[in-house]
$ cat final-v6.txt   # compact mmCIF, C-alpha atoms and all ligand atoms
# COMPACT_ATOMS: atom_id res chain seq x y z
CA LEU A 21 4.38 3.18 -26.96
CA THR A 22 8.16 3.16 -27.33
CA ILE A 23 9.42 4.08 -30.79
CA LEU A 24 12.79 3.82 -32.53
CA GLY A 25 13.17 6.78 -34.91
CA ILE A 26 15.65 7.00 -37.79
CA GLU A 27 16.59 10.18 -39.68
CA SER A 28 18.98 10.60 -42.63
CA SER A 29 17.40 13.22 -44.92
CA ALA A 30 20.47 15.47 -45.19
CA ASP A 31 23.89 15.26 -43.55
CA ASP A 32 23.21 13.99 -40.03
CA THR A 33 22.86 10.27 -39.29
CA CYS A 34 20.37 10.03 -36.44
CA ALA A 35 18.65 7.37 -34.32
CA ALA A 36 16.60 7.95 -31.18
CA ILE A 37 14.17 6.22 -28.87
CA VAL A 38 11.20 8.18 -27.61
CA ASP A 39 7.98 7.09 -25.94
CA SER A 40 4.48 8.46 -26.33
CA ASP A 41 4.63 9.96 -22.81
CA GLY A 42 7.36 12.27 -24.09
CA LYS A 43 10.40 10.60 -22.57
CA ILE A 44 13.53 10.73 -24.75
CA HIS A 45 15.38 7.52 -23.88
CA SER A 46 18.25 8.26 -26.26
CA ASN A 47 19.07 10.69 -29.07
CA VAL A 48 22.10 9.89 -31.21
CA VAL A 49 23.26 12.37 -33.87
CA ILE A 50 26.36 11.54 -35.91
CA LYS A 51 27.47 14.73 -37.69
CA GLN A 52 29.29 14.69 -41.00
CA HIS A 53 30.58 18.29 -41.06
CA ASP A 54 34.22 17.24 -41.29
CA VAL A 55 33.35 15.27 -44.46
CA HIS A 56 31.53 18.20 -46.09
CA GLU A 57 33.57 21.23 -45.00
CA VAL A 58 36.21 20.51 -47.64
CA TYR A 59 33.49 20.72 -50.33
CA GLY A 60 31.99 23.91 -48.82
CA GLY A 61 28.54 22.29 -48.63
CA ILE A 62 26.83 18.89 -48.53
CA ASN A 63 28.40 16.57 -51.07
CA PRO A 64 25.57 14.14 -51.98
CA LEU A 65 27.66 11.01 -52.62
CA SER A 66 29.80 11.50 -49.54
CA ALA A 67 26.65 12.04 -47.49
CA ILE A 68 25.21 8.70 -48.69
CA HIS A 69 28.46 6.89 -47.95
CA SER A 70 28.66 8.44 -44.48
CA HIS A 71 25.06 7.46 -43.70
CA GLN A 72 25.80 3.92 -44.88
CA SER A 73 28.80 3.59 -42.62
CA ASN A 74 27.29 5.41 -39.60
CA MET A 75 23.68 4.16 -39.52
CA PRO A 76 24.34 0.72 -37.95
CA PHE A 77 26.29 2.40 -35.12
CA ALA A 78 23.69 5.12 -34.63
CA VAL A 79 20.95 2.49 -34.14
CA LYS A 80 23.15 0.31 -31.94
CA ARG A 81 24.11 3.28 -29.73
CA ALA A 82 20.51 4.51 -29.46
CA LEU A 83 19.47 1.09 -28.09
CA LYS A 84 22.47 0.82 -25.80
CA GLU A 85 22.10 4.33 -24.33
CA ALA A 86 18.39 3.69 -23.75
CA ASN A 87 19.21 0.28 -22.29
CA LEU A 88 16.38 -1.23 -24.33
CA ASP A 89 16.07 -4.36 -26.41
CA LEU A 90 14.79 -3.89 -29.96
CA LYS A 91 12.73 -7.08 -30.10
CA ARG A 92 11.34 -6.90 -26.56
CA ASP A 93 10.93 -3.19 -25.79
CA ILE A 94 10.32 -1.32 -29.05
CA ASP A 95 6.70 -1.07 -30.27
CA GLY A 96 7.33 0.53 -33.66
CA ILE A 97 9.91 1.94 -36.05
CA ALA A 98 9.68 5.41 -37.61
CA PHE A 99 11.84 6.92 -40.34
CA THR A 100 12.00 10.12 -42.37
CA ARG A 101 10.12 9.43 -45.59
CA GLY A 102 10.81 12.90 -47.04
CA PRO A 103 11.40 15.57 -48.10
CA GLY A 104 15.17 15.42 -48.45
CA MET A 105 18.00 14.07 -50.59
CA ALA A 106 16.75 10.82 -52.14
CA GLY A 107 19.98 8.84 -51.74
CA CYS A 108 20.30 9.93 -48.12
CA LEU A 109 16.65 9.21 -47.29
CA SER A 110 16.93 5.72 -48.74
CA VAL A 111 19.68 4.71 -46.28
CA GLY A 112 17.44 5.46 -43.27
CA MET A 113 14.33 4.10 -44.92
CA ASP A 114 15.96 0.79 -45.88
CA ALA A 115 17.34 0.33 -42.37
CA ALA A 116 13.92 1.03 -40.82
CA LYS A 117 11.99 -1.23 -43.18
CA THR A 118 14.38 -4.14 -42.82
CA LEU A 119 14.42 -3.95 -39.03
CA ALA A 120 10.62 -3.61 -38.92
CA ALA A 121 10.00 -6.53 -41.27
CA ALA A 122 12.53 -8.85 -39.63
CA LEU A 123 11.22 -8.12 -36.13
CA GLU A 124 7.56 -7.86 -37.17
CA LYS A 125 7.20 -4.31 -35.87
CA PRO A 126 4.81 -1.72 -37.32
CA LEU A 127 6.35 1.05 -39.45
CA VAL A 128 5.57 4.75 -39.98
CA GLY A 129 7.19 7.08 -42.56
CA VAL A 130 7.32 10.66 -41.25
CA HIS A 131 7.33 14.07 -42.96
CA HIS A 132 10.55 15.82 -41.89
CA MET A 133 9.00 19.33 -41.68
CA GLN A 134 5.96 18.10 -39.74
CA ALA A 135 8.46 16.61 -37.29
CA HIS A 136 10.33 19.96 -36.97
CA ALA A 137 6.94 21.66 -36.34
CA LEU A 138 5.82 19.16 -33.66
CA THR A 139 9.10 19.02 -31.71
CA VAL A 140 7.79 21.53 -29.15
CA MET A 141 4.83 19.24 -28.40
CA LEU A 142 7.48 16.84 -27.09
CA THR A 143 9.66 19.39 -25.27
CA GLU A 144 6.78 21.38 -23.76
CA ARG A 145 4.63 18.49 -22.51
CA GLY A 146 1.96 19.88 -20.20
CA ASN A 147 2.44 23.39 -21.58
CA GLU A 148 2.04 22.64 -25.30
CA PRO A 149 1.14 25.32 -27.85
CA LYS A 150 -2.57 25.24 -28.65
CA PHE A 151 -3.93 24.80 -32.16
CA PRO A 152 -4.27 26.83 -34.27
CA PHE A 153 -0.75 28.22 -33.92
CA LEU A 154 1.58 30.02 -36.30
CA THR A 155 4.82 28.26 -37.07
CA LEU A 156 8.02 29.44 -38.75
CA LEU A 157 10.08 26.50 -40.01
CA ILE A 158 13.52 27.79 -40.86
CA SER A 159 16.14 25.31 -41.94
CA GLY A 160 18.65 24.30 -44.58
CA GLY A 161 16.01 23.42 -47.15
CA HIS A 162 12.96 25.44 -46.10
CA THR A 163 11.64 28.84 -45.04
CA LEU A 164 7.97 28.31 -44.24
CA LEU A 165 5.36 30.32 -42.42
CA LEU A 166 2.44 28.01 -41.67
CA LEU A 167 -0.82 28.01 -39.79
CA ALA A 168 -0.84 24.71 -37.88
CA LYS A 169 -4.49 23.66 -37.44
CA SER A 170 -3.82 20.24 -35.95
CA VAL A 171 -0.94 17.76 -35.82
CA ASN A 172 -1.50 16.90 -39.46
CA GLU A 173 -3.08 19.98 -41.05
CA PHE A 174 -0.85 22.87 -42.05
CA LYS A 175 -1.84 25.85 -44.18
CA LEU A 176 1.03 27.51 -46.02
CA LEU A 177 1.03 31.31 -45.62
CA ALA A 178 4.49 32.05 -47.02
CA THR A 179 7.51 30.31 -48.46
CA THR A 180 10.71 31.49 -50.12
CA ASN A 181 10.73 32.59 -53.76
CA ASP A 182 14.33 31.41 -54.08
CA GLU A 183 16.73 30.05 -51.48
CA SER A 184 16.16 29.15 -47.83
CA ILE A 185 17.34 31.22 -44.88
CA GLY A 186 19.63 28.39 -43.72
CA ARG A 187 21.27 28.14 -47.13
CA SER A 188 21.86 31.91 -47.19
CA PHE A 189 23.55 31.73 -43.75
CA ASP A 190 25.68 28.90 -45.13
CA LYS A 191 26.63 30.82 -48.28
CA VAL A 192 27.43 34.08 -46.51
CA SER A 193 29.51 32.21 -43.94
CA LYS A 194 31.41 30.67 -46.83
CA LEU A 195 31.83 34.05 -48.61
CA LEU A 196 33.35 35.41 -45.38
CA LYS A 197 35.59 32.31 -45.16
CA LEU A 198 34.55 31.50 -41.59
CA LYS A 199 35.68 28.21 -40.08
CA TRP A 200 32.68 25.88 -39.49
CA THR A 201 31.75 24.95 -35.96
CA ASN A 202 30.49 21.41 -35.33
CA LEU A 203 27.00 22.84 -35.98
CA GLY A 204 28.01 24.01 -39.45
CA PRO A 205 28.54 27.31 -41.27
CA GLY A 206 25.37 29.10 -40.07
CA ASP A 207 26.31 28.56 -36.45
CA ALA A 208 29.86 29.76 -37.24
CA LEU A 209 28.41 33.04 -38.53
CA GLU A 210 26.34 33.59 -35.40
CA LYS A 211 29.34 32.89 -33.14
CA PHE A 212 31.59 35.18 -35.21
CA VAL A 213 29.13 38.08 -34.88
CA ALA A 214 28.72 37.48 -31.14
CA GLU A 215 32.46 37.33 -30.37
CA THR A 216 32.95 41.07 -29.78
CA ASP A 217 31.35 44.35 -30.68
CA ASP A 218 34.33 45.65 -32.66
CA SER A 219 32.13 46.07 -35.75
CA ALA A 220 30.66 49.16 -34.07
CA GLU A 221 33.88 50.82 -35.25
CA SER A 222 33.17 49.97 -38.84
CA THR A 223 30.05 51.02 -40.74
CA VAL A 224 28.74 49.23 -43.80
CA THR A 225 25.89 50.07 -46.17
CA PRO A 226 22.65 48.53 -44.86
CA ILE A 227 21.11 45.65 -46.79
CA THR A 228 17.69 46.59 -48.15
CA ARG A 229 14.75 44.34 -47.31
CA PRO A 230 13.26 42.54 -50.31
CA LEU A 231 9.49 42.07 -50.89
CA PRO A 232 8.23 44.55 -48.27
CA GLY A 233 4.61 44.01 -47.24
CA GLN A 234 4.36 40.66 -49.06
CA LEU A 235 3.77 37.26 -47.52
CA ALA A 236 6.79 35.73 -49.29
CA PHE A 237 10.46 35.40 -48.45
CA SER A 238 13.54 36.01 -50.58
CA TYR A 239 16.93 35.03 -49.23
CA SER A 240 18.98 35.03 -52.42
CA ALA A 241 18.55 38.83 -52.31
CA HIS A 242 20.19 38.97 -48.85
CA HIS A 243 23.00 36.77 -49.95
CA SER A 244 23.69 38.64 -53.22
CA GLN A 245 23.63 42.03 -51.48
CA THR A 246 26.07 40.71 -48.90
CA LYS A 247 28.30 39.49 -51.71
CA ALA A 248 28.23 42.98 -53.29
CA LEU A 249 29.01 44.51 -49.89
CA ILE A 250 32.08 42.29 -49.51
CA GLU A 251 33.24 43.27 -53.01
CA SER A 252 32.71 46.97 -52.30
CA HIS A 253 35.17 46.58 -49.42
CA GLY A 254 37.77 45.04 -51.71
CA GLY A 255 36.97 41.34 -51.13
CA VAL A 256 37.38 39.17 -48.07
CA GLU A 257 41.14 38.58 -48.42
CA GLY A 258 42.97 41.14 -46.33
CA MET A 259 39.73 42.64 -44.99
CA ASP A 260 40.08 43.92 -41.44
CA ILE A 261 38.21 41.86 -38.86
CA ALA A 262 35.95 44.71 -37.72
CA THR A 263 34.63 45.25 -41.27
CA LYS A 264 34.21 41.51 -41.76
CA ARG A 265 32.23 41.31 -38.57
CA ALA A 266 30.17 44.39 -39.48
CA ILE A 267 29.19 42.72 -42.77
CA ALA A 268 28.32 39.44 -41.03
CA ARG A 269 26.26 41.36 -38.47
CA GLU A 270 24.46 43.36 -41.14
CA PHE A 271 23.54 40.13 -42.96
CA GLN A 272 22.26 38.45 -39.80
CA THR A 273 20.27 41.54 -38.79
CA ALA A 274 18.65 41.81 -42.24
CA ALA A 275 17.96 38.05 -42.49
CA VAL A 276 16.23 37.99 -39.11
CA GLY A 277 14.47 41.31 -39.78
CA HIS A 278 12.93 39.72 -42.89
CA LEU A 279 11.56 36.84 -40.77
CA GLU A 280 10.26 39.24 -38.18
CA GLU A 281 8.38 41.25 -40.81
CA LYS A 282 6.70 38.13 -42.27
CA LEU A 283 5.76 36.82 -38.84
CA VAL A 284 3.96 40.09 -38.08
CA LEU A 285 2.24 39.94 -41.49
CA GLY A 286 1.19 36.37 -40.67
CA LEU A 287 -0.33 37.48 -37.36
CA ASN A 288 -2.18 40.29 -39.17
CA TRP A 289 -3.40 37.76 -41.76
CA CYS A 290 -4.91 35.62 -38.98
CA ARG A 291 -6.39 38.60 -37.16
CA LYS A 292 -8.17 39.82 -40.32
CA ARG A 293 -9.79 36.42 -40.68
CA ASP A 294 -10.72 36.12 -37.01
CA ILE A 295 -8.40 33.17 -36.57
CA HIS A 296 -7.55 33.22 -32.89
CA VAL A 297 -3.81 32.55 -32.68
CA ARG A 298 -2.01 32.95 -29.35
CA ASP A 299 0.97 30.68 -29.82
CA VAL A 300 3.94 30.93 -32.18
CA VAL A 301 6.36 28.05 -32.75
CA VAL A 302 9.77 28.54 -34.37
CA SER A 303 11.77 25.46 -35.31
CA GLY A 304 14.35 24.02 -37.74
CA GLY A 305 18.15 24.44 -37.62
CA VAL A 306 18.19 28.25 -37.94
CA ALA A 307 15.91 28.51 -34.87
CA SER A 308 18.93 27.59 -32.75
CA ASN A 309 20.29 31.12 -33.42
CA SER A 310 20.08 33.05 -30.14
CA TYR A 311 20.04 36.53 -31.70
CA LEU A 312 16.98 35.41 -33.69
CA ARG A 313 15.28 34.03 -30.56
CA GLU A 314 15.79 37.28 -28.68
CA ARG A 315 14.68 39.46 -31.57
CA LEU A 316 11.46 37.51 -32.33
CA ARG A 317 10.61 37.53 -28.64
CA ARG A 318 10.92 41.32 -28.49
CA SER A 319 8.92 41.69 -31.66
CA LEU A 320 6.02 39.60 -30.31
CA ASP A 321 6.08 41.53 -27.04
CA LYS A 322 5.64 44.73 -29.03
CA TYR A 323 2.89 43.38 -31.31
CA ASN A 324 -0.20 45.40 -30.71
CA SER A 325 -2.74 42.97 -29.28
CA ASP A 326 -5.02 42.64 -26.23
CA GLU A 327 -3.46 39.36 -25.20
CA SER A 328 0.19 38.40 -25.11
CA PHE A 329 1.63 35.68 -27.32
CA ARG A 330 3.53 32.64 -26.22
CA LEU A 331 6.65 31.98 -28.27
CA PHE A 332 8.03 28.43 -28.37
CA PHE A 333 11.42 27.18 -29.56
CA PRO A 334 12.71 23.63 -29.14
CA PRO A 335 16.04 23.54 -27.28
CA PRO A 336 18.82 24.18 -29.84
CA TYR A 337 19.94 20.52 -29.99
CA LEU A 338 16.41 19.56 -31.15
CA CYS A 339 16.16 22.46 -33.66
CA THR A 340 18.75 20.90 -35.98
CA ASP A 341 18.11 17.46 -37.43
CA ASN A 342 17.54 14.64 -34.97
CA ALA A 343 15.58 11.39 -34.83
CA ALA A 344 13.80 12.17 -31.54
CA MET A 345 11.48 14.51 -33.49
CA ILE A 346 10.84 11.76 -36.08
CA ALA A 347 9.98 9.17 -33.42
CA TRP A 348 7.77 11.70 -31.62
CA ALA A 349 5.84 12.80 -34.75
CA SER A 350 5.17 9.13 -35.56
CA THR A 351 3.47 8.53 -32.19
CA TYR A 352 0.40 10.43 -33.39
CA ARG A 353 -0.06 7.76 -36.08
CA PHE A 354 1.11 4.71 -34.13
CA SER A 355 -1.34 5.52 -31.34
CA LYS A 356 -4.22 5.31 -33.85
CA GLY A 357 -2.92 2.12 -35.42
CA ASP A 358 -2.31 4.09 -38.64
CA THR A 359 0.88 2.52 -40.00
CA ASP A 360 2.61 2.08 -43.37
CA ASP A 361 3.12 -1.05 -45.39
CA TYR A 362 6.70 -2.37 -45.61
CA SER A 363 6.60 -1.51 -49.32
CA VAL A 364 6.27 2.24 -48.57
CA GLY A 365 8.46 4.45 -50.81
CA LEU A 366 10.38 7.63 -50.05
CA LEU A 367 9.19 11.08 -51.18
CA SER A 368 12.16 13.29 -51.86
CA LYS A 369 9.76 16.15 -52.67
CA TRP A 370 6.74 16.17 -50.38
CA ASP A 371 4.54 19.19 -49.82
CA LEU A 372 3.07 19.55 -46.31
CA LYS A 373 -0.37 20.07 -47.87
CA ASP A 374 -0.10 16.50 -49.20
CA LEU A 375 0.74 15.07 -45.81
CA ASN A 376 -1.98 12.45 -46.06
CA ALA A 377 -1.96 12.02 -49.83
CA TYR A 378 0.49 9.16 -50.25
CA LYS A 379 -0.80 6.42 -47.99
CA THR A 380 0.52 2.94 -48.61
P1 LIG B 401 15.38 20.79 -43.95
O1 LIG B 401 14.97 20.68 -42.53
O2 LIG B 401 14.78 21.97 -44.64
O3 LIG B 401 15.26 19.54 -44.71
P2 LIG B 401 18.06 20.47 -43.05
O4 LIG B 401 17.44 19.30 -42.37
O5 LIG B 401 19.31 20.28 -43.83
O6 LIG B 401 16.96 21.14 -43.97
P3 LIG B 401 18.36 21.59 -40.43
O7 LIG B 401 19.29 20.60 -39.84
O8 LIG B 401 16.98 21.61 -39.92
O9 LIG B 401 18.31 21.60 -42.03
O10 LIG B 401 19.06 23.00 -40.30
C1 LIG B 401 20.36 23.18 -40.83
C2 LIG B 401 20.49 24.65 -41.21
O11 LIG B 401 20.47 25.45 -40.02
C3 LIG B 401 21.81 24.95 -41.91
O12 LIG B 401 21.57 25.80 -43.00
C4 LIG B 401 22.60 25.64 -40.81
O13 LIG B 401 23.61 26.53 -41.28
C5 LIG B 401 21.53 26.39 -40.07
N1 LIG B 401 21.94 26.75 -38.72
C6 LIG B 401 22.31 25.93 -37.72
N2 LIG B 401 22.65 26.64 -36.62
C7 LIG B 401 22.47 27.96 -36.94
C8 LIG B 401 22.64 29.20 -36.25
N3 LIG B 401 23.08 29.22 -35.00
N4 LIG B 401 22.36 30.35 -36.91
C9 LIG B 401 21.90 30.33 -38.18
N5 LIG B 401 21.74 29.20 -38.90
C10 LIG B 401 22.02 28.03 -38.28
FE FE B 402 15.79 19.55 -40.96

$ encode --input "final-v6.txt" --output "structure tokens"
Amino acid sequence: LTILGIESSADDTCAAIVDSDGKIHSNVVIKQHDVHEVYGGINPLSAIHSHQSNMPFAVKRALKEANLDLKRDIDGIAFTRGPGMAGCLSVGMDAAKTLAAALEKPLVGVHHMQAHALTVMLTERGNEPKFPFLTLLISGGHTLLLLAKSVNEFKLLATTNDESIGRSFDKVSKLLKLKWTNLGPGDALEKFVAETDDSAESTVTPITRPLPGQLAFSYSAHHSQTKALIESHGGVEGMDIATKRAIAREFQTAAVGHLEEKLVLGLNWCRKRDIHVRDVVVSGGVASNSYLRERLRRSLDKYNSDESFRLFFPPPYLCTDNAAMIAWASTYRFSKGDTDDYSVGLLSKWDLKDLNAYKT
């Protein structure tokens, strides 16, 4: 099966061609960061307009780079049905439905977070994580700790009480007035911290960890404490670079420490219930952070257990939004002949526990 995938749930316009043997024929991502940086975050109307102007080229390029013909070589079309920004989702959905109907191809609407969770099944073919596995999905809109029981059954163990980890990276990066990289403000913060170790010369008050011992996340607490820290040093204007970096580093350390704590609680939760989990999957845009990768790896190595854990991350370019993950996630349905009607509607809010609840 060779599938054209389309993704437009937030600010990246994406089209990709993937087959059910795990070959990525093409993976086009058109970023909009230059459009949104002036607003300091995703501007919804500009995002819709950018998707509208970029989507035809994304699809055209995906076909060209794969050297495939839509009518002759593509067996099905997949798109992100939700969750995401409704106006943005509709651009990708309309493109997918119209192409599918005109060319008489079957159609599948995919859950964006299920696709983030299953990306490693594509990138680790032959060495896939085994169900049940624990998965941390950390992105711009979500902070989820889930027990993945199969490709379409996920039990929620923890979510955020307020904002997502990705959003807090974005906000702190903005508070520190860091220049975005082409991967956005969160990536800019990581790079800024990693530049040098000059912050060792400057000490800042540690950020306290919210909700200790609880299976729930809070990231607005990290962000507001960082804001207070910046103010206690007289604001970001005129702040010396070592202090600025020390604050950024303290935020990143605390934000990742919070994840680490919940992951260990999740493993304990499984152990108490005799759920045999050996594999841990971390995905979503924030999972491209290399400090986080290193720290979670060390934490799992230290976890007191008779067997060692396997920790999986997609490669960074497949952690952030892409259509390869959408096409791949759809193959589990296409291969069973389980497809959607062309009248299928988008779901801007869509809980993973209702993955199978809105069939068309
Ligand atoms: P969702 O998947 O929840 O719908 P989204 O699709 O907008 O949200 P992703 O593209 O999966 O989010 O991830 C984007 C988020 O990842 C942004 O908040 C971004 O700042 C963050 N991010 C990207 N790279 C890094 C990094 N290196 N360190 C920390 N955060 C990062
Ligand atoms: Fe995403």

$ closest_residue --input "final-v6.txt" --among "A:Pro64, A:Gly129, A:Gly146, A:Gly107" --to "Gly42 (chain A)" --atoms "only C-alpha atoms"
A:Gly146

$ atom_distance --input "final-v6.txt" --atom1 "CA of Ser319 (chain A)" --atom2 "CA of Ala135 (chain A)"
25.7 Å

$ closest_residue --input "final-v6.txt" --among "A:Ser193, A:Ser355, A:Asn324, A:Thr163" --to "ligand FE 402 (chain B)" --atoms "all atoms listed in the file"
A:Thr163

$ atom_distance --input "final-v6.txt" --atom1 "CA of Asp360 (chain A)" --atom2 "CA of Thr155 (chain A)"
27.0 Å

$ atom_distance --input "final-v6.txt" --atom1 "CA of Leu164 (chain A)" --atom2 "atom P3 of ligand LIG 401 (chain B)"
12.9 Å

$ residues_near_ligand --input "final-v6.txt" --ligand "ligand FE 402 (chain B)" --cutoff "9 Å" --atoms "only C-alpha atoms and all ligand atoms" --output "PyMOL selection string"
chain A and resi 29-30+104+132-133+135-136+158-162+304-305+339-342

$ write_last_selection --input "final-v6.txt" --atoms "C-alpha atoms" --output "PDB file, keeping the file's coordinate frame"
ATOM      1  CA  SER A  29      17.400  13.220 -44.920  1.00  0.00           C
ATOM      2  CA  ALA A  30      20.470  15.470 -45.190  1.00  0.00           C
ATOM      3  CA  GLY A 104      15.170  15.420 -48.450  1.00  0.00           C
ATOM      4  CA  HIS A 132      10.550  15.820 -41.890  1.00  0.00           C
ATOM      5  CA  MET A 133       9.000  19.330 -41.680  1.00  0.00           C
ATOM      6  CA  ALA A 135       8.460  16.610 -37.290  1.00  0.00           C
ATOM      7  CA  HIS A 136      10.330  19.960 -36.970  1.00  0.00           C
ATOM      8  CA  ILE A 158      13.520  27.790 -40.860  1.00  0.00           C
ATOM      9  CA  SER A 159      16.140  25.310 -41.940  1.00  0.00           C
ATOM     10  CA  GLY A 160      18.650  24.300 -44.580  1.00  0.00           C
ATOM     11  CA  GLY A 161      16.010  23.420 -47.150  1.00  0.00           C
ATOM     12  CA  HIS A 162      12.960  25.440 -46.100  1.00  0.00           C
ATOM     13  CA  GLY A 304      14.350  24.020 -37.740  1.00  0.00           C
ATOM     14  CA  GLY A 305      18.150  24.440 -37.620  1.00  0.00           C
ATOM     15  CA  CYS A 339      16.160  22.460 -33.660  1.00  0.00           C
ATOM     16  CA  THR A 340      18.750  20.900 -35.980  1.00  0.00           C
ATOM     17  CA  ASP A 341      18.110  17.460 -37.430  1.00  0.00           C
ATOM     18  CA  ASN A 342      17.540  14.640 -34.970  1.00  0.00           C
TER      19      ASN A 342
END

$ closest_residue --input "final-v6.txt" --among "A:Gln52, A:Asn309, A:Thr216, A:Asn63" --to "ligand LIG 401 (chain B)" --atoms "all atoms listed in the file"
A:Asn309

$ residues_around --input "final-v6.txt" --residues "Asp93 (chain A)" --least-positions-apart "6" --cutoff "10 Å" --atoms "only C-alpha atoms" --output "CSV table (one decimal) with C-alpha atoms, in the frame of the given file"
chain,number,residue,atom,x,y,z
A,21,LEU,CA,4.4,3.2,-27.0
A,22,THR,CA,8.2,3.2,-27.3
A,23,ILE,CA,9.4,4.1,-30.8
A,24,LEU,CA,12.8,3.8,-32.5
A,83,LEU,CA,19.5,1.1,-28.1
A,87,ASN,CA,19.2,0.3,-22.3

$ closest_residue --input "final-v6.txt" --among "A:Gln272, A:Ser110, A:Thr228, A:Ser244" --to "ligand LIG 401 (chain B)" --atoms "all atoms listed in the file"
A:Gln272

$ residues_around --input "final-v6.txt" --residues "Trp289 (chain A)" --least-positions-apart "6" --cutoff "10 Å" --atoms "only C-alpha atoms" --output "list in words"
Leu177, Leu235, Leu283 and Ile295 of chain A

$ residues_around --input "final-v6.txt" --residues "Arg291 (chain A)" --least-positions-apart "4" --cutoff "12 Å" --atoms "only C-alpha atoms" --output "compact mmCIF listing (two decimals) with C-alpha atoms, in the frame of the given file"
# COMPACT_ATOMS: atom_id res chain seq x y z
CA LEU A 154 1.58 30.02 -36.30
CA VAL A 284 3.96 40.09 -38.08
CA LEU A 285 2.24 39.94 -41.49
CA GLY A 286 1.19 36.37 -40.67
CA LEU A 287 -0.33 37.48 -37.36
CA ILE A 295 -8.40 33.17 -36.57
CA HIS A 296 -7.55 33.22 -32.89
CA VAL A 297 -3.81 32.55 -32.68
CA ARG A 298 -2.01 32.95 -29.35
CA TYR A 323 2.89 43.38 -31.31
CA ASN A 324 -0.20 45.40 -30.71
CA SER A 325 -2.74 42.97 -29.28
CA ASP A 326 -5.02 42.64 -26.23

$ build_atoms --input "final-v6.txt" --residues "region 274-289 of chain A" --atoms "N, CA and C atoms" --output "CSV table (one decimal), keeping the file's coordinate frame"
chain,number,residue,atom,x,y,z
A,274,ALA,N,19.6,41.7,-41.1
A,274,ALA,CA,18.6,41.8,-42.2
A,274,ALA,C,17.9,40.5,-42.4
A,275,ALA,N,18.6,39.4,-42.3
A,275,ALA,CA,18.0,38.0,-42.5
A,275,ALA,C,16.9,37.8,-41.4
A,276,VAL,N,17.2,38.2,-40.2
A,276,VAL,CA,16.2,38.0,-39.1
A,276,VAL,C,15.1,39.0,-39.2
A,277,GLY,N,15.5,40.3,-39.6
A,277,GLY,CA,14.5,41.3,-39.8
A,277,GLY,C,13.4,40.9,-40.8
A,278,HIS,N,13.8,40.2,-41.8
A,278,HIS,CA,12.9,39.7,-42.9
A,278,HIS,C,11.9,38.7,-42.3
A,279,LEU,N,12.4,37.8,-41.4
A,279,LEU,CA,11.6,36.8,-40.8
A,279,LEU,C,10.6,37.5,-39.9
A,280,GLU,N,11.1,38.5,-39.1
A,280,GLU,CA,10.3,39.2,-38.2
A,280,GLU,C,9.1,39.9,-38.9
A,281,GLU,N,9.4,40.6,-40.0
A,281,GLU,CA,8.4,41.2,-40.8
A,281,GLU,C,7.3,40.3,-41.3
A,282,LYS,N,7.7,39.1,-41.7
A,282,LYS,CA,6.7,38.1,-42.3
A,282,LYS,C,5.9,37.5,-41.1
A,283,LEU,N,6.5,37.4,-40.0
A,283,LEU,CA,5.8,36.8,-38.8
A,283,LEU,C,4.6,37.8,-38.4
A,284,VAL,N,5.0,39.1,-38.4
A,284,VAL,CA,4.0,40.1,-38.1
A,284,VAL,C,2.9,40.1,-39.1
A,285,LEU,N,3.2,40.0,-40.4
A,285,LEU,CA,2.2,39.9,-41.5
A,285,LEU,C,1.3,38.7,-41.3
A,286,GLY,N,1.9,37.6,-40.9
A,286,GLY,CA,1.2,36.4,-40.7
A,286,GLY,C,0.2,36.5,-39.5
A,287,LEU,N,0.6,37.2,-38.5
A,287,LEU,CA,-0.3,37.5,-37.4
A,287,LEU,C,-1.5,38.4,-37.8
A,288,ASN,N,-1.1,39.4,-38.6
A,288,ASN,CA,-2.2,40.3,-39.2
A,288,ASN,C,-3.2,39.5,-40.1
A,289,TRP,N,-2.6,38.6,-40.8
A,289,TRP,CA,-3.4,37.8,-41.8
A,289,TRP,C,-4.4,37.0,-40.9
